[in-house]
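Structure data (PDB, C-alpha atoms and all ligand atoms) from work-v4.pdb:
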ATOM      1  CA  MET A  33       0.000   0.000   0.000  1.00  0.00           C
ATOM      2  CA  VAL A  34       2.909   2.333   0.650  1.00  0.00           C
ATOM      3  CA  GLY A  35       4.161   1.811  -2.876  1.00  0.00           C
ATOM      4  CA  LEU A  36       0.718   2.535  -4.264  1.00  0.00           C
ATOM      5  CA  ALA A  37       0.408   5.703  -2.211  1.00  0.00           C
ATOM      6  CA  ILE A  38       3.773   6.926  -3.469  1.00  0.00           C
ATOM      7  CA  ALA A  39       2.891   6.131  -7.028  1.00  0.00           C
ATOM      8  CA  LEU A  40      -0.434   7.908  -6.767  1.00  0.00           C
ATOM      9  CA  GLY A  41       1.314  10.922  -5.337  1.00  0.00           C
ATOM     10  CA  LEU A  42       3.812  10.973  -8.163  1.00  0.00           C
ATOM     11  CA  SER A  43       1.281  10.578 -10.919  1.00  0.00           C
ATOM     12  CA  ALA A  44      -1.006  13.192  -9.434  1.00  0.00           C
ATOM     13  CA  CYS A  45       1.539  15.971  -9.650  1.00  0.00           C
ATOM     14  CA  ALA A  46       4.008  14.924 -12.332  1.00  0.00           C
ATOM     15  CA  PRO A  47       3.792  11.837 -14.521  1.00  0.00           C
ATOM     16  CA  ALA A  48       7.368  12.495 -15.526  1.00  0.00           C
ATOM     17  CA  ALA A  49       8.513  12.280 -11.924  1.00  0.00           C
ATOM     18  CA  PRO A  50      11.734  10.455 -12.281  1.00  0.00           C
ATOM     19  CA  THR A  51      13.401   7.867 -10.221  1.00  0.00           C
ATOM     20  CA  PRO A  52      11.923   5.863  -7.384  1.00  0.00           C
ATOM     21  CA  THR A  53      14.955   6.290  -5.162  1.00  0.00           C
ATOM     22  CA  PRO A  54      16.078   9.720  -4.010  1.00  0.00           C
ATOM     23  CA  ASP A  55      19.781   8.984  -4.282  1.00  0.00           C
ATOM     24  CA  ALA A  56      19.655   7.840  -7.882  1.00  0.00           C
ATOM     25  CA  ARG A  57      21.573  10.698  -9.429  1.00  0.00           C
ATOM     26  CA  PRO A  58      24.896  11.830  -8.053  1.00  0.00           C
ATOM     27  CA  THR A  59      24.769  15.207  -6.407  1.00  0.00           C
ATOM     28  CA  VAL A  60      27.146  17.626  -8.042  1.00  0.00           C
ATOM     29  CA  THR A  61      28.537  20.235  -5.701  1.00  0.00           C
ATOM     30  CA  GLY A  62      30.720  23.199  -6.431  1.00  0.00           C
ATOM     31  CA  ILE A  63      29.683  23.583 -10.059  1.00  0.00           C
ATOM     32  CA  PRO A  64      27.353  26.486 -10.807  1.00  0.00           C
ATOM     33  CA  ALA A  65      24.210  25.798 -12.768  1.00  0.00           C
ATOM     34  CA  PRO A  66      24.471  27.283 -16.256  1.00  0.00           C
ATOM     35  CA  SER A  67      21.353  29.387 -15.942  1.00  0.00           C
ATOM     36  CA  GLN A  68      22.845  31.175 -12.972  1.00  0.00           C
ATOM     37  CA  SER A  69      26.108  31.988 -14.661  1.00  0.00           C
ATOM     38  CA  PRO A  70      26.535  35.684 -15.472  1.00  0.00           C
ATOM     39  CA  THR A  71      29.344  35.143 -17.976  1.00  0.00           C
ATOM     40  CA  ALA A  72      28.738  36.440 -21.480  1.00  0.00           C
ATOM     41  CA  THR A  73      30.109  33.487 -23.390  1.00  0.00           C
ATOM     42  CA  PRO A  74      28.087  30.283 -23.400  1.00  0.00           C
ATOM     43  CA  THR A  75      29.487  27.874 -20.886  1.00  0.00           C
ATOM     44  CA  PRO A  76      29.566  24.186 -21.570  1.00  0.00           C
ATOM     45  CA  SER A  77      27.002  22.175 -19.690  1.00  0.00           C
ATOM     46  CA  PRO A  78      28.241  21.185 -16.248  1.00  0.00           C
ATOM     47  CA  GLU A  79      26.322  17.925 -16.541  1.00  0.00           C
ATOM     48  CA  PRO A  80      28.600  15.293 -15.084  1.00  0.00           C
ATOM     49  CA  THR A  81      29.919  12.703 -17.445  1.00  0.00           C
ATOM     50  CA  PHE A  82      28.310   9.360 -16.757  1.00  0.00           C
ATOM     51  CA  ASP A  83      30.913   6.981 -15.372  1.00  0.00           C
ATOM     52  CA  ARG A  84      30.504   3.767 -17.292  1.00  0.00           C
ATOM     53  CA  GLY A  85      33.034   2.097 -15.045  1.00  0.00           C
ATOM     54  CA  ALA A  86      31.222   2.881 -11.811  1.00  0.00           C
ATOM     55  CA  ARG A  87      30.002  -0.694 -11.421  1.00  0.00           C
ATOM     56  CA  SER A  88      31.258  -4.045 -12.625  1.00  0.00           C
ATOM     57  CA  ILE A  89      29.760  -5.574 -15.748  1.00  0.00           C
ATOM     58  CA  ASP A  90      31.405  -8.923 -14.923  1.00  0.00           C
ATOM     59  CA  ASP A  91      30.340  -9.538 -11.332  1.00  0.00           C
ATOM     60  CA  PRO A  92      27.047 -11.443 -11.466  1.00  0.00           C
ATOM     61  CA  ALA A  93      25.925  -9.594  -8.317  1.00  0.00           C
ATOM     62  CA  SER A  94      26.443  -6.167  -9.945  1.00  0.00           C
ATOM     63  CA  LEU A  95      23.355  -4.261 -11.082  1.00  0.00           C
ATOM     64  CA  TRP A  96      25.175  -3.643 -14.354  1.00  0.00           C
ATOM     65  CA  VAL A  97      26.263  -7.206 -15.091  1.00  0.00           C
ATOM     66  CA  VAL A  98      26.082  -7.991 -18.791  1.00  0.00           C
ATOM     67  CA  ALA A  99      25.152 -11.599 -19.458  1.00  0.00           C
ATOM     68  CA  ASN A 100      24.798 -12.774 -23.021  1.00  0.00           C
ATOM     69  CA  LYS A 101      25.781 -15.641 -25.302  1.00  0.00           C
ATOM     70  CA  LEU A 102      29.451 -14.653 -25.106  1.00  0.00           C
ATOM     71  CA  ARG A 103      29.383 -13.625 -21.461  1.00  0.00           C
ATOM     72  CA  PRO A 104      28.239 -16.478 -19.220  1.00  0.00           C
ATOM     73  CA  LEU A 105      27.602 -15.760 -15.579  1.00  0.00           C
ATOM     74  CA  GLN A 106      30.639 -16.616 -13.508  1.00  0.00           C
ATOM     75  CA  PRO A 107      30.198 -18.861 -11.688  1.00  0.00           C
ATOM     76  CA  ALA A 108      27.682 -20.465 -14.042  1.00  0.00           C
ATOM     77  CA  ASP A 109      25.531 -21.586 -11.105  1.00  0.00           C
ATOM     78  CA  TYR A 110      25.511 -18.128  -9.483  1.00  0.00           C
ATOM     79  CA  ALA A 111      22.527 -17.504  -7.215  1.00  0.00           C
ATOM     80  CA  PRO A 112      21.756 -14.037  -5.770  1.00  0.00           C
ATOM     81  CA  ALA A 113      21.909 -13.629  -1.989  1.00  0.00           C
ATOM     82  CA  ASP A 114      19.085 -11.110  -1.586  1.00  0.00           C
ATOM     83  CA  LEU A 115      16.152 -12.661  -3.428  1.00  0.00           C
ATOM     84  CA  ARG A 116      12.683 -11.904  -2.141  1.00  0.00           C
ATOM     85  CA  ALA A 117       9.083 -12.197  -3.265  1.00  0.00           C
ATOM     86  CA  ALA A 118       7.790  -9.104  -5.052  1.00  0.00           C
ATOM     87  CA  ASP A 119       4.369  -7.897  -3.937  1.00  0.00           C
ATOM     88  CA  ILE A 120       2.797  -7.565  -7.368  1.00  0.00           C
ATOM     89  CA  PRO A 121       0.143  -9.496  -9.311  1.00  0.00           C
ATOM     90  CA  TYR A 122       1.610 -12.561 -10.940  1.00  0.00           C
ATOM     91  CA  VAL A 123       1.132 -15.577 -13.135  1.00  0.00           C
ATOM     92  CA  TYR A 124       4.108 -17.350 -11.584  1.00  0.00           C
ATOM     93  CA  GLU A 125       5.187 -16.198  -8.138  1.00  0.00           C
ATOM     94  CA  PRO A 126       7.630 -13.333  -8.626  1.00  0.00           C
ATOM     95  CA  VAL A 127      11.044 -13.539  -6.976  1.00  0.00           C
ATOM     96  CA  LEU A 128      13.638 -10.840  -7.581  1.00  0.00           C
ATOM     97  CA  ARG A 129      16.653  -9.307  -5.902  1.00  0.00           C
ATOM     98  CA  ALA A 130      15.583  -6.834  -3.230  1.00  0.00           C
ATOM     99  CA  ASP A 131      16.213  -3.630  -5.202  1.00  0.00           C
ATOM    100  CA  ALA A 132      14.559  -4.999  -8.334  1.00  0.00           C
ATOM    101  CA  ALA A 133      11.569  -6.253  -6.327  1.00  0.00           C
ATOM    102  CA  ALA A 134      11.045  -2.827  -4.729  1.00  0.00           C
ATOM    103  CA  ALA A 135      11.348  -1.109  -8.110  1.00  0.00           C
ATOM    104  CA  ALA A 136       8.932  -3.582  -9.731  1.00  0.00           C
ATOM    105  CA  GLU A 137       6.415  -2.892  -6.959  1.00  0.00           C
ATOM    106  CA  GLN A 138       6.640   0.855  -7.612  1.00  0.00           C
ATOM    107  CA  LEU A 139       6.411   0.378 -11.378  1.00  0.00           C
ATOM    108  CA  VAL A 140       3.359  -1.878 -11.202  1.00  0.00           C
ATOM    109  CA  ALA A 141       1.624   0.465  -8.742  1.00  0.00           C
ATOM    110  CA  ALA A 142       2.341   3.493 -10.945  1.00  0.00           C
ATOM    111  CA  ALA A 143       0.996   1.683 -13.995  1.00  0.00           C
ATOM    112  CA  ALA A 144      -2.109   0.598 -12.069  1.00  0.00           C
ATOM    113  CA  ALA A 145      -2.739   4.202 -11.054  1.00  0.00           C
ATOM    114  CA  GLU A 146      -2.935   4.997 -14.770  1.00  0.00           C
ATOM    115  CA  GLY A 147      -5.272   2.101 -15.469  1.00  0.00           C
ATOM    116  CA  ILE A 148      -2.562  -0.212 -16.796  1.00  0.00           C
ATOM    117  CA  ALA A 149      -2.757  -3.663 -15.202  1.00  0.00           C
ATOM    118  CA  LEU A 150       0.498  -5.595 -15.225  1.00  0.00           C
ATOM    119  CA  ALA A 151       1.532  -8.960 -13.817  1.00  0.00           C
ATOM    120  CA  ALA A 152       4.792 -10.813 -13.412  1.00  0.00           C
ATOM    121  CA  GLN A 153       4.985 -13.680 -15.866  1.00  0.00           C
ATOM    122  CA  SER A 154       8.490 -14.902 -15.130  1.00  0.00           C
ATOM    123  CA  THR A 155      11.231 -13.595 -12.844  1.00  0.00           C
ATOM    124  CA  TYR A 156      14.164 -15.335 -11.144  1.00  0.00           C
ATOM    125  CA  ARG A 157      15.183 -18.676 -12.535  1.00  0.00           C
ATOM    126  CA  SER A 158      17.916 -20.730 -10.926  1.00  0.00           C
ATOM    127  CA  TYR A 159      20.556 -22.504 -12.992  1.00  0.00           C
ATOM    128  CA  ALA A 160      18.611 -25.736 -12.543  1.00  0.00           C
ATOM    129  CA  SER A 161      15.281 -24.240 -13.586  1.00  0.00           C
ATOM    130  CA  GLN A 162      16.916 -22.587 -16.601  1.00  0.00           C
ATOM    131  CA  GLN A 163      18.210 -26.034 -17.574  1.00  0.00           C
ATOM    132  CA  ARG A 164      14.636 -27.288 -17.596  1.00  0.00           C
ATOM    133  CA  VAL A 165      13.272 -24.255 -19.450  1.00  0.00           C
ATOM    134  CA  TYR A 166      15.951 -24.369 -22.144  1.00  0.00           C
ATOM    135  CA  ALA A 167      15.599 -28.118 -22.598  1.00  0.00           C
ATOM    136  CA  GLY A 168      11.867 -27.635 -23.032  1.00  0.00           C
ATOM    137  CA  TRP A 169      12.396 -25.080 -25.802  1.00  0.00           C
ATOM    138  CA  VAL A 170      14.940 -27.272 -27.560  1.00  0.00           C
ATOM    139  CA  ALA A 171      12.508 -30.181 -27.478  1.00  0.00           C
ATOM    140  CA  GLN A 172       9.786 -27.967 -28.912  1.00  0.00           C
ATOM    141  CA  LEU A 173      11.674 -25.884 -31.477  1.00  0.00           C
ATOM    142  CA  GLY A 174      15.068 -27.463 -32.042  1.00  0.00           C
ATOM    143  CA  GLN A 175      18.288 -25.934 -30.779  1.00  0.00           C
ATOM    144  CA  GLU A 176      18.715 -23.184 -33.380  1.00  0.00           C
ATOM    145  CA  ALA A 177      15.286 -21.655 -32.837  1.00  0.00           C
ATOM    146  CA  ALA A 178      15.450 -22.278 -29.083  1.00  0.00           C
ATOM    147  CA  ASP A 179      18.659 -20.240 -28.884  1.00  0.00           C
ATOM    148  CA  LEU A 180      16.851 -17.181 -30.264  1.00  0.00           C
ATOM    149  CA  THR A 181      14.292 -17.298 -27.510  1.00  0.00           C
ATOM    150  CA  SER A 182      15.799 -18.927 -24.450  1.00  0.00           C
ATOM    151  CA  ALA A 183      19.214 -18.705 -22.870  1.00  0.00           C
ATOM    152  CA  ARG A 184      21.347 -21.716 -22.157  1.00  0.00           C
ATOM    153  CA  PRO A 185      21.828 -22.338 -18.422  1.00  0.00           C
ATOM    154  CA  GLY A 186      24.465 -19.996 -16.976  1.00  0.00           C
ATOM    155  CA  HIS A 187      23.791 -17.385 -19.669  1.00  0.00           C
ATOM    156  CA  SER A 188      20.333 -16.223 -18.605  1.00  0.00           C
ATOM    157  CA  GLU A 189      19.577 -12.769 -17.275  1.00  0.00           C
ATOM    158  CA  HIS A 190      16.750 -14.341 -15.306  1.00  0.00           C
ATOM    159  CA  GLN A 191      19.402 -16.134 -13.236  1.00  0.00           C
ATOM    160  CA  THR A 192      20.652 -12.742 -11.992  1.00  0.00           C
ATOM    161  CA  GLY A 193      17.362 -12.053 -10.216  1.00  0.00           C
ATOM    162  CA  LEU A 194      17.237  -8.711 -12.047  1.00  0.00           C
ATOM    163  CA  SER A 195      14.961  -9.588 -14.970  1.00  0.00           C
ATOM    164  CA  ILE A 196      11.221  -9.763 -15.214  1.00  0.00           C
ATOM    165  CA  ASP A 197       8.903 -10.788 -18.003  1.00  0.00           C
ATOM    166  CA  PHE A 198       5.728  -8.737 -17.688  1.00  0.00           C
ATOM    167  CA  SER A 199       2.328  -9.771 -18.924  1.00  0.00           C
ATOM    168  CA  ALA A 200      -0.980  -7.973 -19.241  1.00  0.00           C
ATOM    169  CA  VAL A 201      -4.040  -8.444 -17.011  1.00  0.00           C
ATOM    170  CA  PRO A 202      -6.157  -9.942 -18.420  1.00  0.00           C
ATOM    171  CA  ALA A 203      -3.651 -11.942 -20.432  1.00  0.00           C
ATOM    172  CA  ASN A 204      -3.054 -10.468 -23.869  1.00  0.00           C
ATOM    173  CA  CYS A 205      -0.156 -11.332 -26.177  1.00  0.00           C
ATOM    174  CA  THR A 206       1.757 -13.029 -23.354  1.00  0.00           C
ATOM    175  CA  LEU A 207       5.395 -13.609 -24.382  1.00  0.00           C
ATOM    176  CA  ASP A 208       4.423 -12.623 -27.907  1.00  0.00           C
ATOM    177  CA  GLN A 209       5.779  -9.721 -29.928  1.00  0.00           C
ATOM    178  CA  CYS A 210       2.251  -8.306 -30.214  1.00  0.00           C
ATOM    179  CA  PHE A 211       2.663  -7.420 -26.522  1.00  0.00           C
ATOM    180  CA  ALA A 212       4.456  -4.308 -27.839  1.00  0.00           C
ATOM    181  CA  GLN A 213       1.128  -2.991 -29.167  1.00  0.00           C
ATOM    182  CA  THR A 214      -0.856  -3.590 -25.986  1.00  0.00           C
ATOM    183  CA  PRO A 215      -1.439  -0.679 -23.576  1.00  0.00           C
ATOM    184  CA  GLN A 216       0.786  -2.544 -21.131  1.00  0.00           C
ATOM    185  CA  GLY A 217       3.635  -2.939 -23.632  1.00  0.00           C
ATOM    186  CA  GLN A 218       3.389   0.688 -24.672  1.00  0.00           C
ATOM    187  CA  TRP A 219       3.312   1.923 -21.079  1.00  0.00           C
ATOM    188  CA  LEU A 220       6.388  -0.118 -20.219  1.00  0.00           C
ATOM    189  CA  ALA A 221       8.280   1.110 -23.278  1.00  0.00           C
ATOM    190  CA  ALA A 222       7.592   4.712 -22.284  1.00  0.00           C
ATOM    191  CA  ASN A 223       7.953   4.478 -18.513  1.00  0.00           C
ATOM    192  CA  ALA A 224       9.933   1.467 -17.288  1.00  0.00           C
ATOM    193  CA  TRP A 225      13.195   3.453 -17.319  1.00  0.00           C
ATOM    194  CA  ARG A 226      11.809   5.763 -14.660  1.00  0.00           C
ATOM    195  CA  TYR A 227      11.873   2.787 -12.265  1.00  0.00           C
ATOM    196  CA  GLY A 228      15.310   1.559 -13.272  1.00  0.00           C
ATOM    197  CA  PHE A 229      14.240  -1.016 -15.852  1.00  0.00           C
ATOM    198  CA  HIS A 230      15.644  -1.390 -19.364  1.00  0.00           C
ATOM    199  CA  LEU A 231      14.076  -3.086 -22.387  1.00  0.00           C
ATOM    200  CA  ARG A 232      16.856  -5.621 -22.800  1.00  0.00           C
ATOM    201  CA  TYR A 233      15.995  -7.152 -26.187  1.00  0.00           C
ATOM    202  CA  PRO A 234      14.747  -4.317 -28.409  1.00  0.00           C
ATOM    203  CA  GLU A 235      13.375  -4.654 -31.902  1.00  0.00           C
ATOM    204  CA  GLY A 236      15.998  -5.051 -34.616  1.00  0.00           C
ATOM    205  CA  ALA A 237      18.850  -5.747 -32.185  1.00  0.00           C
ATOM    206  CA  THR A 238      19.104  -9.523 -32.631  1.00  0.00           C
ATOM    207  CA  PRO A 239      22.595  -9.271 -34.223  1.00  0.00           C
ATOM    208  CA  VAL A 240      23.763  -7.496 -31.051  1.00  0.00           C
ATOM    209  CA  THR A 241      21.843  -9.211 -28.255  1.00  0.00           C
ATOM    210  CA  GLY A 242      21.377 -12.637 -29.803  1.00  0.00           C
ATOM    211  CA  TYR A 243      17.661 -12.603 -29.016  1.00  0.00           C
ATOM    212  CA  GLU A 244      14.542 -11.709 -30.898  1.00  0.00           C
ATOM    213  CA  PHE A 245      12.514  -8.668 -29.904  1.00  0.00           C
ATOM    214  CA  GLU A 246      11.082  -9.318 -26.444  1.00  0.00           C
ATOM    215  CA  PRO A 247       8.826  -6.385 -25.564  1.00  0.00           C
ATOM    216  CA  TRP A 248       7.963  -8.104 -22.267  1.00  0.00           C
ATOM    217  CA  HIS A 249      11.487  -8.650 -20.910  1.00  0.00           C
ATOM    218  CA  TYR A 250      12.813  -5.895 -18.674  1.00  0.00           C
ATOM    219  CA  ARG A 251      16.087  -5.869 -16.854  1.00  0.00           C
ATOM    220  CA  TYR A 252      16.673  -3.909 -13.671  1.00  0.00           C
ATOM    221  CA  VAL A 253      19.848  -1.862 -14.042  1.00  0.00           C
ATOM    222  CA  GLY A 254      19.059   0.824 -11.448  1.00  0.00           C
ATOM    223  CA  PRO A 255      17.591   4.268 -12.104  1.00  0.00           C
ATOM    224  CA  GLU A 256      20.896   5.938 -12.916  1.00  0.00           C
ATOM    225  CA  LEU A 257      21.868   3.653 -15.800  1.00  0.00           C
ATOM    226  CA  ALA A 258      18.279   3.307 -16.990  1.00  0.00           C
ATOM    227  CA  ALA A 259      18.031   7.106 -17.267  1.00  0.00           C
ATOM    228  CA  GLU A 260      21.371   7.305 -19.071  1.00  0.00           C
ATOM    229  CA  LEU A 261      20.278   4.666 -21.587  1.00  0.00           C
ATOM    230  CA  HIS A 262      17.016   6.546 -22.065  1.00  0.00           C
ATOM    231  CA  GLU A 263      18.731   9.915 -22.526  1.00  0.00           C
ATOM    232  CA  THR A 264      21.446   8.683 -24.861  1.00  0.00           C
ATOM    233  CA  GLY A 265      19.088   6.491 -26.865  1.00  0.00           C
ATOM    234  CA  ILE A 266      21.604   3.648 -26.753  1.00  0.00           C
ATOM    235  CA  ARG A 267      19.430   0.573 -27.031  1.00  0.00           C
ATOM    236  CA  THR A 268      21.545  -2.295 -25.760  1.00  0.00           C
ATOM    237  CA  LEU A 269      23.912  -2.921 -22.862  1.00  0.00           C
ATOM    238  CA  GLU A 270      26.403  -4.367 -25.342  1.00  0.00           C
ATOM    239  CA  GLU A 271      26.590  -1.084 -27.267  1.00  0.00           C
ATOM    240  CA  PHE A 272      26.554   1.069 -24.143  1.00  0.00           C
ATOM    241  CA  PHE A 273      29.510  -0.759 -22.631  1.00  0.00           C
ATOM    242  CA  GLU A 274      31.219  -1.146 -26.050  1.00  0.00           C
ATOM    243  CA  LEU A 275      31.153  -4.928 -25.864  1.00  0.00           C
ATOM    244  CA  PRO A 276      31.291  -7.161 -28.917  1.00  0.00           C
ATOM    245  CA  PRO A 277      27.935  -8.152 -30.370  1.00  0.00           C
ATOM    246  CA  ALA A 278      26.809 -11.541 -29.101  1.00  0.00           C
ATOM    247  CA  PRO A 279      24.607 -13.019 -31.816  1.00  0.00           C
ATOM    248  CA  ASP A 280      25.648 -16.568 -31.011  1.00  0.00           C
ATOM    249  CA  TYR A 281      27.530 -18.789 -28.619  1.00  0.00           C
ATOM    250  CA  ALA A 282      31.256 -19.065 -29.137  1.00  0.00           C
ATOM    251  CA  GLY A 283      31.476 -22.827 -29.358  1.00  0.00           C
TER
HETATM  252 ZN    ZN B 301      12.682 -12.866 -20.060  1.00  0.00          ZN
END

What's the structure tokens form of this structure?
Ligand SMILES: [Zn+2]
Amino acid sequence: MVGLAIALGLSACAPAAPTPTPDARPTVTGIPAPSQSPTATPTPSPEPTFDRGARSIDDPASLWVVANKLRPLQPADYAPADLRAADIPYVYEPVLRADAAAAAEQLVAAAAAEGIALAAQSTYRSYASQQRVYAGWVAQLGQEAADLTSARPGHSEHQTGLSIDFSAVPANCTLDQCFAQTPQGQWLAANAWRYGFHLRYPEGATPVTGYEFEPWHYRYVGPELAAELHETGIRTLEEFFELPPAPDYAG
């Protein structure tokens, strides 16, 4: 209820109200704001340069970890230490790392306040459950098609406890690309960044991410990086961190 109250407050005064945590952006001290500067010549923006090295992209416990077909989680059977149930509507019980769970609760409450009903379809998957999921896809589609849709165990973002597949309530285009055209898919595309979530597998980025467009799959990266991705328009973590494209597994 607290999350709902906060979300209602935000949406009542400013739908563009930014990040759910107050300490999301670094406070810059000692640099005058440009509008207050009396100098005649235009001064360059004092906007701090985003530090792309501020967090590890290799540590599986880092909010910025980049897992893809060329970057397995290390160790492969990594399990987060701070998983908890997220208090949001669900199809399968949602379990996320603590920060991601709190952000998901705020996001879902904010969406609900605007008449957009979301549920968690799929969240944390352990190495063992990813083994089962991937094997199921291979049995159904064959390995080549399965690899476009499901990660091999040890390579899945869902294993980080930072990813969530959203679905609509009532169900509509669940885990289907037509989800992008639903009110839920459109709301997420416009607003998820405000809560620290990033559309991890955007349309047309398969040669970079290795996965087809997944308008339902959002990855928690924290409000600071989510805002930077939004502002720069850089669509994938691979491009943002200048990593090689990962269209396929190495071996
Ligand atoms: Zn997913």

Kindly compile the residues surrounding ligand ZN 301 (chain B) within 6 Å, counting all atoms listed in the file, and format them as a PDB file with C-alpha atoms, in the frame of the given file.
ATOM      1  CA  ILE A 196      11.221  -9.763 -15.214  1.00  0.00           C
ATOM      2  CA  ASP A 197       8.903 -10.788 -18.003  1.00  0.00           C
ATOM      3  CA  HIS A 249      11.487  -8.650 -20.910  1.00  0.00           C
TER       4      HIS A 249
END

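The spacing separating CA of Ala93 (chain A) from CA of His190 (chain A) amounts to 12.5 Å.
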
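Minimum atom-to-atom distance to Gln106 (chain A), evaluated using all atoms listed in the file, belongs to A:Pro185 out of A:Pro121, A:Gly85, A:Pro185, A:Glu256.
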
Exercise: region 140-157 of chain A partners within 6 Å, all atoms listed in the file, chain neighbours under 6 positions left out, as an NGL selection string: :A and (36 or 39 or 121-124 or 126-128 or 190-191 or 193 or 195-201 or 216)

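Nearest-residue note for Ala130 (chain A): choosing from A:Tyr281, A:Phe211, A:Tyr252, A:Phe273, the minimum distance belongs to A:Tyr252, counting all atoms listed in the file.
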
Considering only C-alpha atoms, give me a table of residues in region 167-280 of chain A that are at most 12 Å from region 87-90 of chain A, with the closest atom pair and distance in Å for each, as a tab-separated table.
residue	atom	partner	partner_atom	distance
A:Thr192	CA	A:Asp90	CA	11.8
A:Val253	CA	A:Arg87	CA	10.6
A:Gly254	CA	A:Arg87	CA	11.0
A:Glu256	CA	A:Arg87	CA	11.4
A:Leu257	CA	A:Arg87	CA	10.2
A:Leu269	CA	A:Ile89	CA	9.6
A:Glu270	CA	A:Ile89	CA	10.2
A:Phe272	CA	A:Ile89	CA	11.2
A:Phe273	CA	A:Ile89	CA	8.4
A:Glu274	CA	A:Ile89	CA	11.3
A:Leu275	CA	A:Ile89	CA	10.2

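Residue nearest Thr238 (chain A), chosen from A:Arg184, A:His262, A:Arg267, A:Arg103 and counting all atoms listed in the file: A:Arg267.
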
Name the closest residue to Ala118 (chain A) among the candidates A:Pro277, A:Trp219, A:Leu105, A:Asp131; distances are taken between atoms, counting only C-alpha atoms. A:Asp131

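Straight-line separation from CA of Pro107 (chain A) to CA of Asp179 (chain A): 20.8 Å.
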
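Between CA of Arg84 (chain A) and CA of Ala258 (chain A) there is a distance of 12.2 Å.
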
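Counting only C-alpha atoms, the residue from A:Ala136, A:Ala86, A:Ala259, A:Leu102 that sits nearest to Pro279 (chain A) is A:Leu102.
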
Could you name the residues that touch Arg129 (chain A) at 7 Å or less, counting all atoms listed in the file, but leaving out those on the same chain fewer than 6 positions away, as a ChimeraX atom specification? /A:112,114-116,193-194

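Selection result for the displayed file, with the PyMOL selection byres (((chain A and resi 241) around 9) and not hetatm) as criterion, is Asn100, Lys101, Arg232, Tyr233, Pro234, Ala237, Thr238, Pro239, Val240, Gly242, Tyr243, Glu244, Thr268, Leu269, Glu270, Pro277, Ala278, Pro279 and Asp280 of chain A.
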
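Here the question is which of A:Phe245, A:Glu176, A:Val170, A:Arg226 gets nearest to Leu207 (chain A) using all atoms listed in the file, and that residue is A:Phe245.
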
For Asp109 (chain A), please output as a ChimeraX atom specification all residues within 10 Å (counting all atoms listed in the file; exclusion window: fewer than 6 positions along the same chain). /A:158-160,185-187,191
